[in-house]
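The block underneath contains the structure these notes are about, expressed in structure tokens.
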Amino acid sequence: MYQLDDSVLLIKGIGTNLQESLSEFRIDQVLDLLLFLPLRYEDRSDIKTIAEIKSLSVEDATITKSEENQKVKTNFATTKAKVSKWTEYRKGRLLIGRATIVDETDQINCVWFNNKFLKNKIIVGQEYFFSGNLKDGSLMQATVEKVADGSENIHTGRLVPIYSKLGDLKQGNLRRILAEIISKLYKSADLEQVFRDLHFPSSIDKIITARERLSLEEILYLMQKSAQNRAEHQKKAALYSLEESAKNTNLELPFSLTQAQEKAVAEIFTDLSKKAPMNRLLVGDVGSGKTIVAAIPACDFVRNGQNVCLIVPTKILAKQHFDNLSNIFKEIDFELISSDNKKTKAKSEKETKKTATFYIGTHSLLNKIKDINPSLVIYDEQQRFGVKHRQLEEYLDQRKKQPHLLSMTATPIPRSLMLSIFSHLDLSYLDQMPNSRKMATTWLVPKEKEKKALEWLVKELLSQNEAGKEDRKKQAIIICPFINPSSYKATENVAAVKESLDSIKKELKIIYQNLNVDKKNQLKIEALHSKLEKTKQAKIIEDVYAQKIQILVSTPMVEVGVDLPNADIIIIQSAERFGLSSLHQLRGRVGRKGQESYCLLFNSKSDEMINERLHKFCQEKNGLKLAQLDLENRGAGDILGYKQSGLNDLHFASWTNVEIINQARDQFKKNPDQKSFLQKYLEKMNLLETVDSATN
Ligand code: ADP
Ligand code: MG
């Protein structure tokens with residue numbers, strides 16, 4: 001019998017080699033492996049005769065069940081047949097395998113490329129399941145599975161889970177190992193069923209129900225955690241309280257605050273004047289101007305001799321806040337902390353640092369929090385409400401007096417819902433946009449017009465450059481999604497960015513030829529991703545700000561609050577992979593100065609449902625309504641997982657699933673002390689992720 005917290009080494013079929021390679025993927029315990037969820041499922045449940053397969057036209061074969069569930073790939077046919085002929089030959093560097101397979105109805109050819117293992121697997125005269133795509137009358141790259149004798153078939157004849165790569169571990173072996181664990185799981189029968197439905201579902205509905213269970217547990221964990229944090233935080237006194245007379249009343253801001261901003265600032269000031277430490281969440285759509293709301297009281301702290309820490313998810317964002325804020329609040333000492341400059345700063349630290357400072361940095365800032373001893377800690381783009389980084393928790397535990405805490409988030413959760421879940425949090429809402437801000441005009445670009453759209457983009461960018469009258473040039477961002485976020489190895493994502501960059505460059509070359517653009521006028525284009533050398537990353541960002549780069553190709557990392565004030569156009573590739581809320585966040589990256597801006601959606605897969613969803617997005621400019629639409633699309637959106645876009649901070653749940661959130665709240669009310677079985681797992685993942693993002 002296996003326990004959820006058993007080491008994977010105890011599992012039959014896992015030795016030390018495999019254990020080591022799994023641990024690279026942060027899979028150490030049985031539960032980690034069980035929560036390594038399929039990327040998608042292939043429908044091999046519908047076994048067809050060869051005659052039936054042959055009668056499928058290509059179009060038939062690609063009418064998918066994706067309306068129901070986009071993760072089930074169904075342009076796919078499975079048949080059970082005998083091999084009557086097998087040959088293998090080379091064509092240049094290509095190894096081609098060919099088999100003729102027969103059943104009682106007909107025969108068909110199967111073709112494989114570069115699969116050197118097949119010749120050992122396929123035995124002429126034996127019967128197998130073949131699952132592959134029908135193309136030009138042949139089954140292409142089919143998976144070959146032996147017909148199992150008696151025991152439950154986990155590889156075919158059903159919805160078969162397909163996982164992202166786990167080192168050298170083969171899909172088949174992974175499935176076998178998972179089946180072994182699930183069959184001998186020492187835990188309630190109910191959990192066993194959840195895992196069975198996640199990995200070996202008997203229907204799509206079962207997958208949805210099981211994923212909902214994980215969502216519920218995650219929300220439950222968040223509620224418990226934030227309630228607990230809150231209780232502990234408020235037991236202690238604040239390190240420092242701001243008196244009315246300590247406020248700077250003649251602030252000179254480059255703009256006047258919106259009413260919503262004024263109100264939020266006032267709410268924060270009220271908290272800060274109390275003896276109990278603040279624990280407030282500031283919620284506002286992208287571009288609603290949260291930064292300044294936090295910075296105004298923070299700067300009053302610094303003026304009064306108190307240190308402040310602003311913790312942000314990425315280095316890019318840290319730099320950006322540093323530049324913007326030090327520009328607005330010229331009399332305040334700001335310091336940008338990054339793990340790179342640890343050494344250089346440490347040297348000077350002893351001599352200087354008498355004046356209060358506004359520190360800005362990623363989570364690596366927490367390494368220094370003891371020395372800094374801040375009276376106010378601000379978390380930007382915090383999505384796990386009230387759940388703090390463990391390092392900060394430990395720090396707070398040791399303190400007799402507490403710093404004030406302010407978290408900011410753009411997650412679009414309606415106020416009423418927020419209050420009903422996290423009734424113990426104090427909330428400030430920015431439900432109003434600065435006047436100057438217009439949302440980007442959005443178009444869904446059909447596949448055949450993508451080239452035209454790129455040409456339009458080039459013309460737009462070039463026309464500005466040539467005019468040369470205005471002091472600013474136009475810029476564009478092209479977003480390519482993470483390919484495989486469930487893999488912690490970033491290489492695949494990097495490959496995606498590089499591939500996008502290459503193909504865009506190719507297109508641009510053709511466009512330049514057509515438009516007769518000579519070399520010196522061509523646009524500068526660069527790709528940004530987390531595995532670039534740090535200095536290279538910094539250089540690219542610097543060049544983007546200095547407008548030396550006109551087109552930036554990036555993973556969705558720009559989503560997390562980065563302000564590229566000059567960017568006018570954003571192209572989002574594979575837009576169907578993103579939830580509408582995530583698309584909205586991305587769209588909010590352009591037109592930040594109030595200039596006319598555009599968002600172009602490219603679609604790598606299109607069916608009616610997807611198109612309809614994206615069309616709605618083009619028309620709807622309100623973040624909350626989009627969140628609602630995400631909710632209505634639950635079946636598709638949730639399983640497809642925002643995780644796939646790399647944007648959602650939650651592991652299993654989604655903030656748009658109100659039903660689940662309400663269920664969790666009811667359970668929490670009934671039994672506030674009940675521990676989620678995901679607790680340890682989520683704590684570990686949260687910790688690891690914050691470490692990751694700090695090194696990004
Ligand atoms: P977010 O809420 O997404 O974090 P930011 O704080 O980054 O938004 O603000 C977005 C942009 O809007 C920034 O360039 C900021 O200077 C500007 N801004 C903020 N408040 C106002 C305002 N009241 N009027 C005009 N511009 C504003
Ligand atoms: Mg922000």
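Every chain in the structure tokens has a letter given in the order shown (A, B, ...), and although residue numbers restart at 1 in each chain, ligands are simply numbered from 1 in the order shown.
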
DSSP on the backbone, then: every residue of segment 210-316 of chain A marked helix (DSSP H, G or I), written as number ranges by chain. A: 210-235, 244-246, 259-272, 290-303, 315-316

Which residues are near Lys12 of chain A? Cut-off 10 Å, only C-alpha atoms, ignore same chain within fewer than 6 positions. Put them as a PyMOL selection string. chain A and resi 176-177+180-181

Nearby residues, ligand 1, 9 Å, only C-alpha atoms and all ligand atoms, as a ChimeraX atom specification: /A:254-259,261,283-294,321,324-325,380-381,408-410,430,433-437,560-565,585,588-589,592-594

Would you export the selected residues with C-alpha atoms as a PDB file, in the first residue's frame, please?
ATOM      1  CA  PRO A 254       2.215  63.985 -12.994  1.00  0.00           C
ATOM      2  CA  PHE A 255      -1.550  63.330 -13.078  1.00  0.00           C
ATOM      3  CA  SER A 256      -4.486  63.738 -10.764  1.00  0.00           C
ATOM      4  CA  LEU A 257      -5.725  60.626  -9.006  1.00  0.00           C
ATOM      5  CA  THR A 258      -9.031  59.034  -9.912  1.00  0.00           C
ATOM      6  CA  GLN A 259     -11.719  59.014  -7.240  1.00  0.00           C
ATOM      7  CA  GLN A 261      -7.487  55.886  -6.210  1.00  0.00           C
ATOM      8  CA  VAL A 283      -7.620  44.947  -6.263  1.00  0.00           C
ATOM      9  CA  GLY A 284      -7.750  46.702  -9.619  1.00  0.00           C
ATOM     10  CA  ASP A 285      -7.821  45.867 -13.291  1.00  0.00           C
ATOM     11  CA  VAL A 286      -4.660  46.220 -15.345  1.00  0.00           C
ATOM     12  CA  GLY A 287      -3.826  49.876 -15.750  1.00  0.00           C
ATOM     13  CA  SER A 288      -6.120  51.055 -12.978  1.00  0.00           C
ATOM     14  CA  GLY A 289      -3.083  52.627 -11.319  1.00  0.00           C
ATOM     15  CA  LYS A 290      -2.385  50.502  -8.277  1.00  0.00           C
ATOM     16  CA  THR A 291       1.298  51.363  -8.044  1.00  0.00           C
ATOM     17  CA  ILE A 292       0.837  54.991  -7.199  1.00  0.00           C
ATOM     18  CA  VAL A 293      -1.812  54.145  -4.604  1.00  0.00           C
ATOM     19  CA  ALA A 294       0.712  52.019  -2.764  1.00  0.00           C
ATOM     20  CA  HIS A 321       8.816  50.351 -10.673  1.00  0.00           C
ATOM     21  CA  ASN A 324       8.924  55.162 -12.565  1.00  0.00           C
ATOM     22  CA  LEU A 325       8.747  55.810  -8.853  1.00  0.00           C
ATOM     23  CA  ASP A 380       2.779  43.536  -6.233  1.00  0.00           C
ATOM     24  CA  GLU A 381       0.753  41.186  -8.434  1.00  0.00           C
ATOM     25  CA  MET A 408      -1.889  44.221  -4.966  1.00  0.00           C
ATOM     26  CA  THR A 409      -3.592  42.107  -7.591  1.00  0.00           C
ATOM     27  CA  ALA A 410      -5.253  42.477 -10.960  1.00  0.00           C
ATOM     28  CA  LEU A 430     -10.004  50.396  -7.929  1.00  0.00           C
ATOM     29  CA  MET A 433      -9.730  53.618 -14.949  1.00  0.00           C
ATOM     30  CA  PRO A 434      -7.626  56.748 -15.300  1.00  0.00           C
ATOM     31  CA  ASN A 435      -9.376  58.904 -17.870  1.00  0.00           C
ATOM     32  CA  SER A 436      -6.623  58.968 -20.379  1.00  0.00           C
ATOM     33  CA  ARG A 437      -6.655  55.225 -20.769  1.00  0.00           C
ATOM     34  CA  VAL A 560       2.805  40.330 -14.894  1.00  0.00           C
ATOM     35  CA  GLY A 561       2.356  44.027 -14.679  1.00  0.00           C
ATOM     36  CA  VAL A 562       5.135  45.275 -16.889  1.00  0.00           C
ATOM     37  CA  ASP A 563       4.556  48.699 -18.288  1.00  0.00           C
ATOM     38  CA  LEU A 564       5.880  49.331 -21.774  1.00  0.00           C
ATOM     39  CA  PRO A 565       4.435  52.788 -22.098  1.00  0.00           C
ATOM     40  CA  GLN A 585      -4.175  41.316 -19.012  1.00  0.00           C
ATOM     41  CA  GLY A 588      -3.581  45.902 -21.075  1.00  0.00           C
ATOM     42  CA  ARG A 589       0.147  46.014 -21.840  1.00  0.00           C
ATOM     43  CA  ARG A 592      -0.409  52.652 -21.541  1.00  0.00           C
ATOM     44  CA  LYS A 593       0.089  56.314 -22.360  1.00  0.00           C
ATOM     45  CA  GLY A 594      -3.432  56.675 -23.593  1.00  0.00           C
TER      46      GLY A 594
END

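Here the question is which of A:Leu682, A:Lys539, A:Glu499, A:Lys447 gets nearest to Lys605 of chain A using only C-alpha atoms, and that residue is A:Lys447.
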
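Every protein or nucleic acid residue with an atom no more than 9 Å from Arg613 of chain A, counting only C-alpha atoms and leaving out same-chain residues fewer than 2 positions away, appears here: Glu576, Leu580, Glu608, Met609, Ile610, Asn611, His615, Lys616, Phe617, Cys618, Leu629, Asp630 and Asn633 of chain A.
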
If I take atom CA of Glu659 of chain A and atom CA of Leu583 of chain A, how far is one from the other in Å, to one decimal? 22.6 Å

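Remark: for Gln107 of chain A, the closest of the candidate residues A:Ile268, A:Ile328, A:Ile53, A:Leu523 is A:Ile53 (distances computed over only C-alpha atoms).
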
Please compute the atom CA of Leu457 of chain A-atom CA of Tyr512 of chain A distance, one decimal, in Å.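 These atoms are spaced 11.9 Å apart.
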
Contacts of Asp43 of chain A within 9 Å, only C-alpha atoms, excl. fewer than 2 positions in-chain, as a compact mmCIF listing (two decimals) with all heavy atoms, in the first residue's frame:
# COMPACT_ATOMS: atom_id res chain seq x y z
N TYR A 41 -5.71 14.25 -23.28
CA TYR A 41 -6.10 12.85 -23.39
C TYR A 41 -6.36 12.55 -24.85
O TYR A 41 -6.88 13.39 -25.57
CB TYR A 41 -7.38 12.59 -22.58
CG TYR A 41 -7.25 12.97 -21.13
CD1 TYR A 41 -7.46 14.29 -20.72
CD2 TYR A 41 -6.91 12.04 -20.17
CE1 TYR A 41 -7.31 14.66 -19.40
CE2 TYR A 41 -6.77 12.40 -18.83
CZ TYR A 41 -6.98 13.72 -18.45
OH TYR A 41 -6.84 14.07 -17.14
N SER A 45 -10.80 5.37 -27.40
CA SER A 45 -11.85 4.49 -26.90
C SER A 45 -12.69 3.96 -28.04
O SER A 45 -13.27 2.89 -27.97
CB SER A 45 -12.73 5.24 -25.91
OG SER A 45 -13.29 6.36 -26.54
N ASP A 46 -12.72 4.74 -29.10
CA ASP A 46 -13.60 4.40 -30.20
C ASP A 46 -12.81 3.60 -31.23
O ASP A 46 -12.16 4.15 -32.10
CB ASP A 46 -14.13 5.71 -30.80
CG ASP A 46 -15.07 5.45 -31.93
OD1 ASP A 46 -15.58 4.31 -32.02
OD2 ASP A 46 -15.30 6.38 -32.73
N VAL A 72 -9.00 16.86 -25.43
CA VAL A 72 -9.08 15.54 -26.02
C VAL A 72 -8.86 15.67 -27.51
O VAL A 72 -9.61 16.32 -28.21
CB VAL A 72 -10.45 14.89 -25.75
CG1 VAL A 72 -10.50 13.52 -26.38
CG2 VAL A 72 -10.70 14.80 -24.27
N LYS A 73 -7.81 15.03 -27.98
CA LYS A 73 -7.48 15.15 -29.39
C LYS A 73 -8.22 14.06 -30.14
O LYS A 73 -8.08 12.89 -29.85
CB LYS A 73 -5.98 14.98 -29.55
CG LYS A 73 -5.49 15.34 -30.92
CD LYS A 73 -3.98 15.25 -30.94
CE LYS A 73 -3.48 15.28 -32.36
NZ LYS A 73 -2.05 15.03 -32.41
N THR A 74 -9.02 14.42 -31.11
CA THR A 74 -9.82 13.39 -31.75
C THR A 74 -9.69 13.32 -33.26
O THR A 74 -10.42 12.63 -33.90
CB THR A 74 -11.31 13.57 -31.40
OG1 THR A 74 -11.61 14.93 -31.52
CG2 THR A 74 -11.64 13.06 -30.03
N PHE A 76 -8.19 11.57 -34.97
CA PHE A 76 -7.44 10.43 -34.53
C PHE A 76 -8.27 9.20 -34.75
O PHE A 76 -9.48 9.22 -34.57
CB PHE A 76 -7.27 10.63 -33.01
CG PHE A 76 -5.93 10.23 -32.55
CD1 PHE A 76 -4.87 11.08 -32.73
CD2 PHE A 76 -5.74 9.00 -31.96
CE1 PHE A 76 -3.62 10.72 -32.30
CE2 PHE A 76 -4.49 8.63 -31.54
CZ PHE A 76 -3.43 9.49 -31.71
N ALA A 77 -7.67 8.11 -35.18
CA ALA A 77 -8.44 6.89 -35.30
C ALA A 77 -7.66 5.73 -34.69
O ALA A 77 -6.45 5.67 -34.79
CB ALA A 77 -8.73 6.61 -36.77
N THR A 78 -8.40 4.88 -34.02
CA THR A 78 -7.77 3.69 -33.42
C THR A 78 -8.38 2.45 -34.05
O THR A 78 -9.59 2.38 -34.27
CB THR A 78 -8.03 3.67 -31.90
OG1 THR A 78 -7.41 4.80 -31.32
CG2 THR A 78 -7.45 2.41 -31.27
N THR A 156 -4.71 1.87 -24.35
CA THR A 156 -5.55 2.05 -25.53
C THR A 156 -6.97 1.58 -25.25
O THR A 156 -7.26 1.10 -24.16
CB THR A 156 -4.95 1.33 -26.75
OG1 THR A 156 -5.55 1.84 -27.93
CG2 THR A 156 -5.19 -0.17 -26.68
N GLY A 157 -7.84 1.74 -26.23
CA GLY A 157 -9.22 1.32 -26.05
C GLY A 157 -9.95 2.17 -25.04
O GLY A 157 -10.91 1.75 -24.41
N ARG A 158 -9.47 3.42 -24.81
CA ARG A 158 -10.05 4.28 -23.79
C ARG A 158 -9.57 5.71 -24.02
O ARG A 158 -8.87 5.98 -24.99
CB ARG A 158 -9.56 3.82 -22.43
CG ARG A 158 -8.03 3.90 -22.33
CD ARG A 158 -7.48 3.60 -20.95
NE ARG A 158 -8.23 4.35 -19.97
CZ ARG A 158 -8.78 3.81 -18.89
NH1 ARG A 158 -8.66 2.53 -18.67
NH2 ARG A 158 -9.43 4.55 -18.05
N LEU A 159 -9.93 6.61 -23.12
CA LEU A 159 -9.29 7.92 -23.11
C LEU A 159 -7.90 7.71 -22.53
O LEU A 159 -7.77 7.31 -21.38
CB LEU A 159 -10.07 8.89 -22.22
CG LEU A 159 -11.35 9.48 -22.79
CD1 LEU A 159 -12.10 10.22 -21.69
CD2 LEU A 159 -11.05 10.42 -23.93
N VAL A 160 -6.90 7.95 -23.30
CA VAL A 160 -5.54 7.66 -22.85
C VAL A 160 -4.84 8.96 -22.46
O VAL A 160 -4.84 9.92 -23.22
CB VAL A 160 -4.75 6.93 -23.96
CG1 VAL A 160 -3.31 6.73 -23.55
CG2 VAL A 160 -5.41 5.61 -24.28
N PRO A 161 -4.26 8.99 -21.26
CA PRO A 161 -3.59 10.22 -20.82
C PRO A 161 -2.26 10.41 -21.56
O PRO A 161 -1.53 9.44 -21.76
CB PRO A 161 -3.33 9.96 -19.33
CG PRO A 161 -3.22 8.48 -19.22
CD PRO A 161 -4.16 7.91 -20.25

Contacts of Ala318 of chain A at 7 Å or less, counting only C-alpha atoms, minus same-chain residues fewer than 4 places along, as number ranges by chain? A: 312, 314, 322, 360-362

Produce a file of the selected residues containing all heavy atoms, as a PDB file, in the first residue's frame.
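Written out: selection14.pdb:
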ATOM      1  N   VAL A 312       8.142  42.302  -6.017  1.00  0.00           N
ATOM      2  CA  VAL A 312       7.448  42.105  -7.291  1.00  0.00           C
ATOM      3  C   VAL A 312       7.856  40.765  -7.892  1.00  0.00           C
ATOM      4  O   VAL A 312       8.885  40.217  -7.535  1.00  0.00           O
ATOM      5  CB  VAL A 312       7.767  43.252  -8.274  1.00  0.00           C
ATOM      6  CG1 VAL A 312       7.359  44.587  -7.704  1.00  0.00           C
ATOM      7  CG2 VAL A 312       9.249  43.249  -8.606  1.00  0.00           C
ATOM      8  N   THR A 314       8.854  39.792 -10.986  1.00  0.00           N
ATOM      9  CA  THR A 314       9.953  39.649 -11.944  1.00  0.00           C
ATOM     10  C   THR A 314      10.918  40.825 -11.856  1.00  0.00           C
ATOM     11  O   THR A 314      10.567  41.909 -11.390  1.00  0.00           O
ATOM     12  CB  THR A 314       9.447  39.604 -13.404  1.00  0.00           C
ATOM     13  OG1 THR A 314       8.824  40.852 -13.700  1.00  0.00           O
ATOM     14  CG2 THR A 314       8.465  38.476 -13.631  1.00  0.00           C
ATOM     15  N   PHE A 322      11.113  50.821 -10.135  1.00  0.00           N
ATOM     16  CA  PHE A 322      12.221  51.643  -9.665  1.00  0.00           C
ATOM     17  C   PHE A 322      12.340  52.906 -10.520  1.00  0.00           C
ATOM     18  O   PHE A 322      12.400  54.027  -9.999  1.00  0.00           O
ATOM     19  CB  PHE A 322      13.518  50.820  -9.717  1.00  0.00           C
ATOM     20  CG  PHE A 322      14.737  51.592  -9.334  1.00  0.00           C
ATOM     21  CD1 PHE A 322      15.049  51.816  -7.996  1.00  0.00           C
ATOM     22  CD2 PHE A 322      15.590  52.100 -10.311  1.00  0.00           C
ATOM     23  CE1 PHE A 322      16.177  52.533  -7.636  1.00  0.00           C
ATOM     24  CE2 PHE A 322      16.720  52.819  -9.962  1.00  0.00           C
ATOM     25  CZ  PHE A 322      17.004  53.039  -8.618  1.00  0.00           C
ATOM     26  N   ILE A 360      13.154  48.078  -3.678  1.00  0.00           N
ATOM     27  CA  ILE A 360      12.323  47.401  -4.670  1.00  0.00           C
ATOM     28  C   ILE A 360      13.087  46.199  -5.198  1.00  0.00           C
ATOM     29  O   ILE A 360      14.274  46.307  -5.514  1.00  0.00           O
ATOM     30  CB  ILE A 360      11.987  48.350  -5.846  1.00  0.00           C
ATOM     31  CG1 ILE A 360      11.258  49.586  -5.320  1.00  0.00           C
ATOM     32  CG2 ILE A 360      11.141  47.633  -6.899  1.00  0.00           C
ATOM     33  CD1 ILE A 360      10.937  50.617  -6.378  1.00  0.00           C
ATOM     34  N   GLY A 361      12.434  45.042  -5.264  1.00  0.00           N
ATOM     35  CA  GLY A 361      13.123  43.865  -5.786  1.00  0.00           C
ATOM     36  C   GLY A 361      12.196  42.664  -5.879  1.00  0.00           C
ATOM     37  O   GLY A 361      11.026  42.741  -5.516  1.00  0.00           O
ATOM     38  N   THR A 362      12.739  41.571  -6.387  1.00  0.00           N
ATOM     39  CA  THR A 362      11.964  40.330  -6.445  1.00  0.00           C
ATOM     40  C   THR A 362      12.027  39.660  -5.070  1.00  0.00           C
ATOM     41  O   THR A 362      12.499  40.267  -4.117  1.00  0.00           O
ATOM     42  CB  THR A 362      12.559  39.354  -7.476  1.00  0.00           C
ATOM     43  OG1 THR A 362      13.892  39.066  -7.085  1.00  0.00           O
ATOM     44  CG2 THR A 362      12.539  39.951  -8.862  1.00  0.00           C
TER      45      THR A 362
END

Å distance separating atom CA of Phe578 of chain A from atom CA of Pro556 of chain A, one decimal place: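 If I compute the distance from atom CA of Phe578 of chain A to atom CA of Pro556 of chain A, I get 10.1 Å.
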
For ligand 2, the closest of A:Ala295, A:Leu624, A:Ile511, A:Ile477 counting only C-alpha atoms and all ligand atoms is A:Ala295

Taking the DSSP secondary structure from the backbone, can you list the residues of segment 154-272 of chain A that are strand (DSSP E or B), as a ChimeraX atom specification? /A:159-162,166,169,185,237-238

Find, counting only C-alpha atoms and all ligand atoms, the residue in A:Gln320, A:Asn373, A:Asn173, A:Gln306 that gets nearest to ligand 2. A:Gln320

Nearby residues (only C-alpha atoms) at most 12 Å from Ile182 of chain A, same-chain spacing under 4 positions excluded, as a VMD selection string: chain A and resid 1 to 4 11 30 to 31 33 to 35 175 to 178 186 to 200
